[in-house]
Amino acid sequence: MALDDLGRIVGEANFTKNPAALQEYCEGKGGCVPRALVRPASTEEVQRIVEWANDTRALLVPVSSGPPHIHGGSTPSVEGAVVVDLRRMDKVIRVDKNNRVVIVQPGVTFGHLQTELARQGLSAYLPLLPRPTKSVLASVLEREPILMPSVHFDSTDPLLCAEIVFGTGDRMRTGEAAGPDTLEEQWEIGKAQISPFGPTQMDPQRLVSGAQGTIGIVTWVSLKCRQRSDEARAFFLPSEDLDALVELSYHLCRIRYTGTILLLDRVNLARMAQRTPREIHGLQCALPNWVLFVAYEGYGLLPEEKLKYLEEDLRESASSYGLEPVTDLAGLPGEALYRLLLGPSSQPYWKLRSHGGFRDVFFITTQDKTPYFAKRMRKLARRFGFPTQQLGMYMQPVVQGTSCHLEFNLYFDPTDLTGVKRLRRLEAAAVDRLEREGAFFARPYPGWAEAAYRGYPDTAAMQRKVKAIFDPNWVLNPGKLCFPPGSGRQD
Amino acid sequence: MTWQDFIHDMQRCTRCSYCKYIPWRLIRNFRFSEGCPSAARYHWHAYAAGGKFNLAYSLLQGAIDINDSLLEVVYKCLMDGSCDIACKVQQDLEPLQHMQEFRVECVARGYLLPQHQPYLRSLRAEDNMLLRRREERGYWAEGLEVKRVTSDKAEVVFFAGCRYSYDQDLWPVARAAVHLLQRAGVDVGILGADEACCAGRAYELGYEGELMKFAEHQRDTLATVARTAGVHTLVTACSDCYSTFKVLYDKIGKKSDVEVCHITQYLERLIQEGRLRPRKSLDLNITYHDPCHLGRLGEPWIHWQGREYKPVGTQIWLHDPPKRFRRGTHGVYEPPRNVLKSIPGLELVEMYRTREYAWCCGAGGGVIDAYPDFAQWTAAERLEEAHEVGAEAIVSACPWCKRNFLDTAAITKDRIGIFDLVELVERAVGGSE
Amino acid sequence: MALSEEEHKVLEGIVGPQYITRDPIIMESYCQVWGNKLEFGDKWHRPPAAVLLPGNVEEIQAIVKFCNQAGILFKPFARGFEYVATYLASSRGILLELKRLNRILEIDPKNQHAVVEPFVPVYQLQDAAGKLGFYVGKPGVGYSASCVSLACCHQEMTISQLYTSGYGRNVLGCEWVLPTGDILNLGTANRKGGWFTGDGPGFSLRGILRGRAGANGGHGIITKCSVKLYPWYAKAPSECELKREPGQALSAAQLEKVPDNYWVDVLTFPDTERMLQAARDIGQAEIACLVAPAYMNTGFHEEGNDEQWAKLKESPPDLGKFARMMPVIVNGHSSRELEYRRKAVRAAMEKWGGWLEPEWNTEKVKAQIFQYQMWSTGVPGLRATGDFMLSTQGADGSVEMQLAYRPVEFQALQPFAAAGNVLHPNMGMSYRPMEHFSLGCSGGIATDFDPWDPASLAAGKEYLEIVYDPHGPCRRFGYANRGAMMQVEDVNHIHERWGPIYDRADRWLQKVRNMLDPNRVADWSAYIPPEYQERPDEERHACC
Ligand SMILES: Cc1cc2nc3c(=O)[nH]c(=O)nc-3n(C[C@H](O)[C@H](O)[C@H](O)COP(=O)(O)OP(=O)(O)OC[C@H]3O[C@@H](n4cnc5c(N)ncnc54)[C@H](O)[C@@H]3O)c2cc1C
């Protein structure tokens, strides 16, 4: 079977080998140029593509988001791969208002989803200002942290059920969606694809979360979402003392304080709130070093009383850490920032606004380590001659505060080639050092994987065995995680 | 009831393992959460009451036979009834009665534990379980000016029991008990060398016939002294004897008409009536160890005869007539505490396992004779618990507890004070009144 | 098949002579559990060839490695209350009782987790964590269930799962001795930074650890686990005084008052639908730490069956009403929060036409509900017939699905209940909502039956056959989320029968199983067999 057979599966219009069209897919970190692009429109087409790949021993790279591809999880790591771009599958399959569940295909972006949900008085659980082209499904599968720790019960949240095409071409639906009947037939008896467990004694959806497309191609997911309310309150808790903010964050997580809780430094806050480098610089200078941002909405029962008691509680809690919530900071209204967080970033993507380029270094740790890692990172930046005013930090408590996503953002000018070199060295050194000091690179994107897996040989060995079950011919996204290109087939 | 009559219990035991622990909701310290010394020491499920139901069920079905190994499992059990109490917080089962009947069955089939045989021979030949001669039985009271109910008139007979009669270390307690009664003006006498074993311990080993025989003997003796000496109350300082007279004789229908009191109950009465005044301050931090036979096993017997049935259209097993289970609730718990509380200066702290769910001292069920290391291990656990609650001394109300605590403390070099309640009362009452 | 002398020697050399036994007498106490009658037609299953009490992970590894060499089946268990715990697929199998792994290794109050060994019971952790202001969910099974077996190995359905989650979602890493004897640490378990996540790097191997149900000892041994903790605003259970009247049995020992930072309301509704709608509103408002629709029958137990019966006769409860009643417990870290939440519960009650029955809202009743619903208590429900509480545990999902499912299962149950062969205490399905209702809820019918009563046993079997028939009336509701109740039906058989309509989920699981255990030494009796066996009777049912 030839490459061109793919055209027959998806229709010629959705298949191309044109190098110009392929260029977009290799722009991530360390990307290789694919040899073809196919754009399926249905689960069946995806299955046929995967079967074709098994027959021909071709390599597939599933992609759901539009460019720019930032972390490199969906850029080919090997030459000659076929990109499976799922963006034609862009339906919001169902919004179930009562159960607060939405089912989306891979091509749905946050902007699209929020518009659909808003009609039903709902909102998605969003990560921090995703880029406009970001696929909701991909974000969820990558375990991008959501902003509301109190309802983040498990690292996979808000993922509920999924439809997966494994590397063998077999389809499986997970959780409540598993079993007989089509989705429509399931809805007839009141099923809502809300229960994420199983089926039976395994949780396949956990195997595709954080997998960077190496286990299966996910064709839809159901997600938990929340009610929305126009009544919102938002507060900044500014401080020069990072420890105090961390302590307050811990406290709020522990009491399951509802709503958005995140910790930013001024470098990042300025970039999120302003658009031009000048504005950003101005705000950055006016802001305190660290800000805990807390916001909540009046959904649920007795909204007014809820808003009131939450504010009083927040003030009281904050004061016991010597902190004070304010609604405006350096002319920036908290509510305005909160509104921004309810959707994707506007263009240009906030991380590109100041210098035109950025690199992220992020990992999972515990909140108490934040001050340590922040210091460590600044020290490293200095050592590599990287300006600390261009080093941003974002700490997001996750899984109800049992751990946190800690992210450093390195803003740089991509046209400054020596700067870029320095930056690359800094990134590599940071990943290497921080990992040795306890940072857990749970999402090891290309370039980080070696350090990330260094202390986890048991995990890597088991993941290879799992891969051999679900993708025995290693057709899916070779070169990612602990699956070096070409290594699997001999296994 | 015979062991086979507990088939429903064997079937319905759920393996919840609650029999191994004190009732969970009453656990205050997980270090001291275990209730069954046997399961705690020997690990395997068979050693717990639930495991015994399993073994009996297998035996009933012919899957196993009685052998040495089974005997070991059956006899490495203190018969202290902790399992029974814990089980009945949830279930309508009778683990202790079942274990008792299972021992009876072993004996009936001729499977006798060799270690117990000298004691049985001693009982049969010399009327005591301490391998001593009958003639020596009265020695403990030598020099004590006290009436003999065999020849004198007395309202109360003080029943010493084998341990007090033969254990010279403990004689002072028995003598103090008599003194106290006399001090309070009680018209008390003893049986002296004419006393015989109550056979409660033999019964616990499974020797039903012995209990029957000695129960009859005791009933006759008491009837005689009631008639000839005017005795209307039996007071004993031994908890084993107490529960035998009070509970077991009633169970087998050989109850005497004479009132049966434990010394703690009697002392409580005397103190309440102002006939004894513990005035001397003792200034001691103590904890009270509930003897099993005075506490949960001292609960009066509840006779029940009837049938099990399920009302039509339901799935719930009931009894006709309704059956009240012995849950340990009505054991003797307050009298000893009240007596101790009446002593000035005594600070009473409770251990984590008290009253119905007290941990055994280790001397019960024939273990002290057959498996002394297990008895000592059990006692050591209890002494550790006493230390843990900050007690300087552990006080009990049974010679078997005291004996085992003393022996254990000597081995483990534990310097904790070990007293019988009677001794403290005697000290508090003072030498001259 | 017994172990050879040499094999026994090797194992003895690993754990020491006092921690191994093959005494046939002792073995008899490792093959009888409450549910065996359903599975085997008698309260008995094949005894193990030996039982071992390993003392640490190294010993466990050595045992497992030897099992691989010698071809011996093994199965671990913790407290052993689950009846699949001691059940082995072959008589050449050994049991590892984990009672010597009994430590709470760490409670990290900041990062809200505890690292425990398998023998630590949930009540012990509730107590230790309670002293630091934390809580772990309460499973119906009660005090003694091991935290590890709940979180990683069996089920973890908790009454408080509205707030404390369950079904394995609280696992933040574990140490896992694989069937090969190698160790797999999930996530950050055993690594320098602490046991704070079980996922990654890369995809989460929790996906093969368990699903809705665990592997029931079928894929190795979990030797340590980090579980998430939840806030607790009252004293620890052991610090609270339980009161009883003089002369009352120990089982009457009760909390006298709901703790200050908690509030209990027992709501009654006109019908199930409105009750569930209110439950959903309360759940979605994220205000409650427990909502237990139709869960009134737990906790109100007299000392024994006869006393219970007398009470029932004296004041017959309105069972129909019990099925429409819903205890709600809210907490508040501040008095404001408690006050708001109380009011919000009442608002939901009013919205759905509910009311408070004074009789069920006295201080005493509320305190009792608090005690029974929040803390692990025992399972007096087992006392009725002294054996098994037959429960089908309907599918998990939305309120709408639960309402659609209810009549289907009731119809299946009705003839047996009407004949009195299964007792259905409140003719209601009870529901356990999950994570503020964001994962729907589990529904279950709890029925008492009596395996020693031939009519009741037959009814139980027939009833199960109906609800577990992949071609029967429950087909559309599925079995996937019935994993929990895999013990009332032979698990292997469930996989075999239902796999074909579940995208061959059974085949994937089987591949995972065989990958984990190439030498087939991990017991699969309550997991999935390496391959399906020929069954003498294709329609064989667990209850046969
Ligand atoms: C009356 C009753 C009610 C119940 N209600 C509930 C309920 O509401 N919610 C709920 O979740 N469950 C319930 N259960 C089931 C209960 O969860 C299990 O019984 C629970 O796991 C008991 O804990 P255990 O320590 O006794 O487990 P065990 O019986 O020791 O083990 C349970 C299973 O886990 C395996 N296992 C145990 N430890 C390990 C380990 N370390 N590594 C690998 N495998 C292991 C065993 O092989 C076994 O298959 C109920 C059970 C009963 C008897």
# chains A, B, ... in the order shown; residues from 1 in each chain; ligands from 1
$ select_by_dssp --residues "segment 233-348 of chain A" --states "helix (DSSP H, G or I)" --output "PyMOL selection string"
chain A and resi 242-254+266-273+277-286+303-319+334-341
$ write_last_selection --atoms "C-alpha atoms" --output "PDB file, in the first residue's frame"
ATOM      1  CA  LEU A 242       6.626  34.865  48.279  1.00  0.00           C
ATOM      2  CA  ASP A 243       6.503  32.619  51.327  1.00  0.00           C
ATOM      3  CA  ALA A 244       3.505  34.438  52.733  1.00  0.00           C
ATOM      4  CA  LEU A 245       1.626  34.054  49.473  1.00  0.00           C
ATOM      5  CA  VAL A 246       2.447  30.383  49.305  1.00  0.00           C
ATOM      6  CA  GLU A 247       1.186  29.947  52.843  1.00  0.00           C
ATOM      7  CA  LEU A 248      -2.061  31.673  51.978  1.00  0.00           C
ATOM      8  CA  SER A 249      -2.407  29.587  48.853  1.00  0.00           C
ATOM      9  CA  TYR A 250      -1.940  26.463  50.939  1.00  0.00           C
ATOM     10  CA  HIS A 251      -4.568  27.657  53.345  1.00  0.00           C
ATOM     11  CA  LEU A 252      -7.069  28.390  50.594  1.00  0.00           C
ATOM     12  CA  CYS A 253      -6.461  25.017  48.996  1.00  0.00           C
ATOM     13  CA  ARG A 254      -6.847  23.298  52.285  1.00  0.00           C
ATOM     14  CA  ARG A 266       4.953  40.625  37.865  1.00  0.00           C
ATOM     15  CA  VAL A 267       6.716  39.577  34.695  1.00  0.00           C
ATOM     16  CA  ASN A 268       3.878  37.301  33.755  1.00  0.00           C
ATOM     17  CA  LEU A 269       1.050  39.374  35.128  1.00  0.00           C
ATOM     18  CA  ALA A 270       2.176  42.324  33.046  1.00  0.00           C
ATOM     19  CA  ARG A 271       2.244  40.225  29.893  1.00  0.00           C
ATOM     20  CA  MET A 272      -1.179  38.796  30.513  1.00  0.00           C
ATOM     21  CA  ALA A 273      -2.765  42.165  31.190  1.00  0.00           C
ATOM     22  CA  PRO A 277       6.038  45.865  25.065  1.00  0.00           C
ATOM     23  CA  ARG A 278       5.839  49.398  26.376  1.00  0.00           C
ATOM     24  CA  GLU A 279       2.646  48.857  28.295  1.00  0.00           C
ATOM     25  CA  ILE A 280       4.011  45.621  29.585  1.00  0.00           C
ATOM     26  CA  HIS A 281       7.186  47.244  30.750  1.00  0.00           C
ATOM     27  CA  GLY A 282       5.241  50.007  32.443  1.00  0.00           C
ATOM     28  CA  LEU A 283       2.994  47.658  34.309  1.00  0.00           C
ATOM     29  CA  GLN A 284       5.797  45.307  35.206  1.00  0.00           C
ATOM     30  CA  CYS A 285       7.644  48.173  36.877  1.00  0.00           C
ATOM     31  CA  ALA A 286       4.555  49.216  38.790  1.00  0.00           C
ATOM     32  CA  PRO A 303     -25.240  33.846  44.998  1.00  0.00           C
ATOM     33  CA  GLU A 304     -25.199  37.120  46.858  1.00  0.00           C
ATOM     34  CA  GLU A 305     -24.594  35.562  50.212  1.00  0.00           C
ATOM     35  CA  LYS A 306     -21.970  33.343  48.709  1.00  0.00           C
ATOM     36  CA  LEU A 307     -20.066  36.256  47.239  1.00  0.00           C
ATOM     37  CA  LYS A 308     -20.255  38.115  50.496  1.00  0.00           C
ATOM     38  CA  TYR A 309     -19.103  35.372  52.819  1.00  0.00           C
ATOM     39  CA  LEU A 310     -16.311  34.346  50.496  1.00  0.00           C
ATOM     40  CA  GLU A 311     -14.959  37.868  50.469  1.00  0.00           C
ATOM     41  CA  GLU A 312     -15.107  38.160  54.227  1.00  0.00           C
ATOM     42  CA  ASP A 313     -13.437  34.803  54.627  1.00  0.00           C
ATOM     43  CA  LEU A 314     -10.746  35.744  52.177  1.00  0.00           C
ATOM     44  CA  ARG A 315     -10.021  38.983  53.984  1.00  0.00           C
ATOM     45  CA  GLU A 316      -9.832  37.234  57.296  1.00  0.00           C
ATOM     46  CA  SER A 317      -7.635  34.434  56.011  1.00  0.00           C
ATOM     47  CA  ALA A 318      -5.340  36.853  54.215  1.00  0.00           C
ATOM     48  CA  SER A 319      -4.901  39.057  57.232  1.00  0.00           C
ATOM     49  CA  GLY A 334      -8.987  42.361  39.164  1.00  0.00           C
ATOM     50  CA  GLU A 335     -12.320  41.706  37.507  1.00  0.00           C
ATOM     51  CA  ALA A 336     -10.898  42.690  34.147  1.00  0.00           C
ATOM     52  CA  LEU A 337      -8.102  40.196  34.575  1.00  0.00           C
ATOM     53  CA  TYR A 338     -10.628  37.576  35.639  1.00  0.00           C
ATOM     54  CA  ARG A 339     -12.689  38.135  32.486  1.00  0.00           C
ATOM     55  CA  LEU A 340      -9.545  37.568  30.461  1.00  0.00           C
ATOM     56  CA  LEU A 341      -9.001  34.258  32.148  1.00  0.00           C
TER      57      LEU A 341
END
$ residues_around --residues "Gln97 of chain B" --least-positions-apart "4" --cutoff "10 Å" --atoms "only C-alpha atoms" --output "PyMOL selection string"
chain B and resi 1-3+6+79+81+84+93+101-103
$ closest_residue --among "C:Met429, C:Val399, C:Val177, C:Leu150" --to "chain A" --atoms "only C-alpha atoms"
C:Val399
$ residues_around --residues "Ala381 of chain A" --least-positions-apart "3" --cutoff "9 Å" --atoms "only C-alpha atoms" --output "PyMOL selection string"
chain A and resi 376-378+384-388+391+423+426+430
$ write_last_selection --atoms "N, CA, C and O atoms" --output "CSV table (one decimal), in the first residue's frame"
chain,number,residue,atom,x,y,z
A,376,ARG,N,16.3,29.5,42.7
A,376,ARG,CA,17.2,28.7,42.0
A,376,ARG,C,17.2,29.1,40.5
A,376,ARG,O,18.2,29.2,39.9
A,377,MET,N,16.0,29.3,40.0
A,377,MET,CA,15.9,29.7,38.6
A,377,MET,C,16.5,31.0,38.3
A,377,MET,O,17.1,31.2,37.3
A,378,ARG,N,16.3,31.9,39.2
A,378,ARG,CA,16.9,33.3,39.0
A,378,ARG,C,18.4,33.2,39.0
A,378,ARG,O,19.1,33.8,38.2
A,384,PHE,N,23.6,32.3,33.4
A,384,PHE,CA,23.6,32.2,31.9
A,384,PHE,C,23.5,33.5,31.3
A,384,PHE,O,23.2,33.6,30.1
A,385,GLY,N,23.5,34.6,32.1
A,385,GLY,CA,23.4,35.9,31.5
A,385,GLY,C,22.0,36.2,31.0
A,385,GLY,O,21.9,37.1,30.1
A,386,PHE,N,21.0,35.6,31.5
A,386,PHE,CA,19.7,35.8,31.0
A,386,PHE,C,19.0,36.9,31.9
A,386,PHE,O,19.0,36.7,33.2
A,387,PRO,N,18.5,37.9,31.3
A,387,PRO,CA,17.9,39.0,32.2
A,387,PRO,C,16.7,38.5,33.0
A,387,PRO,O,15.8,38.0,32.5
A,388,THR,N,16.8,38.8,34.3
A,388,THR,CA,15.7,38.2,35.2
A,388,THR,C,14.4,39.0,35.0
A,388,THR,O,13.4,38.5,35.3
A,391,LEU,N,12.3,36.8,33.0
A,391,LEU,CA,12.0,35.5,33.6
A,391,LEU,C,10.7,35.6,34.3
A,391,LEU,O,10.6,36.3,35.3
A,423,LEU,N,19.8,31.1,25.7
A,423,LEU,CA,18.5,30.7,26.3
A,423,LEU,C,18.4,29.1,26.2
A,423,LEU,O,18.0,28.5,27.1
A,426,LEU,N,20.4,27.7,28.8
A,426,LEU,CA,19.8,27.9,30.1
A,426,LEU,C,18.6,26.9,30.3
A,426,LEU,O,18.5,26.3,31.4
A,430,ALA,N,18.5,24.3,33.2
A,430,ALA,CA,17.4,24.4,34.2
A,430,ALA,C,16.7,23.0,34.4
A,430,ALA,O,16.5,22.6,35.5
$ residues_around --residues "Tyr456 of chain A" --least-positions-apart "6" --cutoff "9 Å" --atoms "only C-alpha atoms" --output "NGL selection string"
:C and (185 or 187-188 or 191 or 201)
$ residues_around --residues "Val149 of chain B" --least-positions-apart "4" --cutoff "12 Å" --atoms "only C-alpha atoms" --output "PDB file with C-alpha atoms, in the first residue's frame"
ATOM      1  CA  LYS B 153     -22.041 -19.706 112.954  1.00  0.00           C
ATOM      2  CA  ALA B 154     -21.377 -16.955 110.429  1.00  0.00           C
ATOM      3  CA  GLU B 155     -23.461 -14.936 108.009  1.00  0.00           C
ATOM      4  CA  VAL B 156     -20.806 -14.636 105.374  1.00  0.00           C
ATOM      5  CA  VAL B 157     -18.423 -17.211 104.089  1.00  0.00           C
ATOM      6  CA  PHE B 158     -15.190 -15.968 102.607  1.00  0.00           C
ATOM      7  CA  PHE B 159     -14.274 -18.327  99.786  1.00  0.00           C
ATOM      8  CA  ASP B 187     -19.853 -11.908 110.692  1.00  0.00           C
ATOM      9  CA  VAL B 188     -17.496 -13.850 108.473  1.00  0.00           C
ATOM     10  CA  GLY B 189     -16.133 -17.349 108.452  1.00  0.00           C
ATOM     11  CA  ILE B 190     -14.109 -19.548 106.122  1.00  0.00           C
ATOM     12  CA  LEU B 191     -14.155 -23.124 104.993  1.00  0.00           C
ATOM     13  CA  GLY B 192     -10.453 -23.584 105.497  1.00  0.00           C
ATOM     14  CA  ALA B 193      -9.219 -27.018 104.542  1.00  0.00           C
ATOM     15  CA  ASP B 194     -12.770 -28.020 103.726  1.00  0.00           C
ATOM     16  CA  GLU B 195     -12.879 -25.725 100.764  1.00  0.00           C
ATOM     17  CA  THR B 221     -21.596 -27.399 100.929  1.00  0.00           C
ATOM     18  CA  LEU B 222     -23.259 -24.031 100.753  1.00  0.00           C
ATOM     19  CA  ALA B 223     -26.633 -25.528 101.519  1.00  0.00           C
ATOM     20  CA  THR B 224     -25.107 -27.202 104.517  1.00  0.00           C
ATOM     21  CA  VAL B 225     -23.367 -24.129 105.877  1.00  0.00           C
ATOM     22  CA  ALA B 226     -26.436 -22.077 105.218  1.00  0.00           C
ATOM     23  CA  ARG B 227     -28.383 -24.482 107.315  1.00  0.00           C
ATOM     24  CA  THR B 228     -25.845 -25.160 110.003  1.00  0.00           C
ATOM     25  CA  ALA B 229     -23.947 -21.899 110.247  1.00  0.00           C
ATOM     26  CA  GLY B 230     -26.544 -19.456 108.937  1.00  0.00           C
ATOM     27  CA  VAL B 231     -24.431 -18.404 105.959  1.00  0.00           C
ATOM     28  CA  HIS B 232     -26.375 -16.345 103.482  1.00  0.00           C
ATOM     29  CA  THR B 233     -23.601 -14.749 101.458  1.00  0.00           C
ATOM     30  CA  LEU B 234     -20.472 -16.007  99.782  1.00  0.00           C
TER      31      LEU B 234
END
$ closest_residue --among "A:Ala177, A:Ala295, A:Ala2, A:Ala58" --to "chain C" --atoms "only C-alpha atoms"
A:Ala177
$ closest_residue --among "C:Arg280, C:His493, C:Arg406, C:Arg210" --to "ligand 1" --atoms "only C-alpha atoms and all ligand atoms"
C:Arg210
$ residues_around --residues "segment 403-409 of chain B" --least-positions-apart "6" --cutoff "7 Å" --atoms "only C-alpha atoms" --output "PyMOL selection string"
chain B and resi 361-363+376+379-380+415+418
$ write_last_selection --atoms "C-alpha atoms" --output "mmCIF file, in the first residue's frame"
data_model
loop_
_atom_site.group_PDB
_atom_site.id
_atom_site.type_symbol
_atom_site.label_atom_id
_atom_site.label_comp_id
_atom_site.auth_asym_id
_atom_site.auth_seq_id
_atom_site.Cartn_x
_atom_site.Cartn_y
_atom_site.Cartn_z
ATOM 1 C CA CYS B 361 -3.877 -10.445 82.041
ATOM 2 C CA GLY B 362 -2.821 -13.651 80.334
ATOM 3 C CA ALA B 363 -3.741 -16.137 83.027
ATOM 4 C CA GLN B 376 3.658 -13.608 80.154
ATOM 5 C CA ALA B 379 0.694 -9.647 80.756
ATOM 6 C CA ALA B 380 3.648 -7.675 79.470
ATOM 7 C CA ARG B 415 9.124 -1.974 88.369
ATOM 8 C CA ILE B 418 1.240 -4.524 91.255
#
$ atom_distance --atom1 "atom CA of Ser376 of chain C" --atom2 "atom CA of Leu88 of chain C"
28.8 Å
$ closest_atom_pairs --of "chain B" --to "ligand 1" --cutoff "9 Å" --atoms "only C-alpha atoms and all ligand atoms" --output "JSON lines"
{"residue": "B:Thr14", "atom": "CA", "partner": "ligand 1", "partner_atom_place_in_ligand_line": "53 (C)", "distance": 7.4}
{"residue": "B:Arg15", "atom": "CA", "partner": "ligand 1", "partner_atom_place_in_ligand_line": "53 (C)", "distance": 8.4}
{"residue": "B:Cys16", "atom": "CA", "partner": "ligand 1", "partner_atom_place_in_ligand_line": "53 (C)", "distance": 7.1}
{"residue": "B:Ser17", "atom": "CA", "partner": "ligand 1", "partner_atom_place_in_ligand_line": "26 (O)", "distance": 8.9}
$ interface_residues --of "chain B" --to "chain C" --cutoff "6 Å" --atoms "only C-alpha atoms" --output "JSON, numbers by chain"
{"B": [12, 14, 15, 16, 28, 45, 46, 51, 54, 89, 90, 91, 313, 314, 315, 316, 317, 318, 322, 329]}
$ decode --residues "segment 71-102 of chain A" --atoms "C-alpha atoms" --output "short mmCIF file (atom, residue, chain, number, x, y, z; two decimals), in the first residue's frame"
data_model
loop_
_atom_site.label_atom_id
_atom_site.label_comp_id
_atom_site.auth_asym_id
_atom_site.auth_seq_id
_atom_site.Cartn_x
_atom_site.Cartn_y
_atom_site.Cartn_z
CA HIS A 71 6.39 22.40 23.36
CA GLY A 72 7.00 20.04 20.52
CA GLY A 73 4.73 17.25 21.68
CA SER A 74 3.01 17.14 18.34
CA THR A 75 5.87 17.99 16.03
CA PRO A 76 7.44 15.01 14.34
CA SER A 77 10.59 13.79 16.02
CA VAL A 78 11.55 11.61 13.07
CA GLU A 79 11.81 12.12 9.37
CA GLY A 80 9.15 10.79 7.08
CA ALA A 81 6.18 10.79 9.40
CA VAL A 82 2.62 11.42 8.35
CA VAL A 83 0.83 14.13 10.27
CA VAL A 84 -2.76 13.32 11.21
CA ASP A 85 -4.32 16.73 11.65
CA LEU A 86 -7.60 16.31 13.50
CA ARG A 87 -8.80 19.86 13.18
CA ARG A 88 -11.56 18.96 10.77
CA MET A 89 -13.18 17.14 13.65
CA ASP A 90 -14.24 20.31 15.33
CA LYS A 91 -17.70 19.66 16.67
CA VAL A 92 -19.01 20.32 20.09
CA ILE A 93 -20.95 17.07 20.09
CA ARG A 94 -23.16 17.79 23.05
CA VAL A 95 -23.63 20.22 25.88
CA ASP A 96 -25.52 18.72 28.81
CA LYS A 97 -26.50 21.62 30.97
CA ASN A 98 -27.96 19.67 33.88
CA ASN A 99 -24.98 17.45 34.23
CA ARG A 100 -22.46 20.08 33.22
CA VAL A 101 -20.82 17.84 30.70
CA VAL A 102 -19.63 18.76 27.25
#
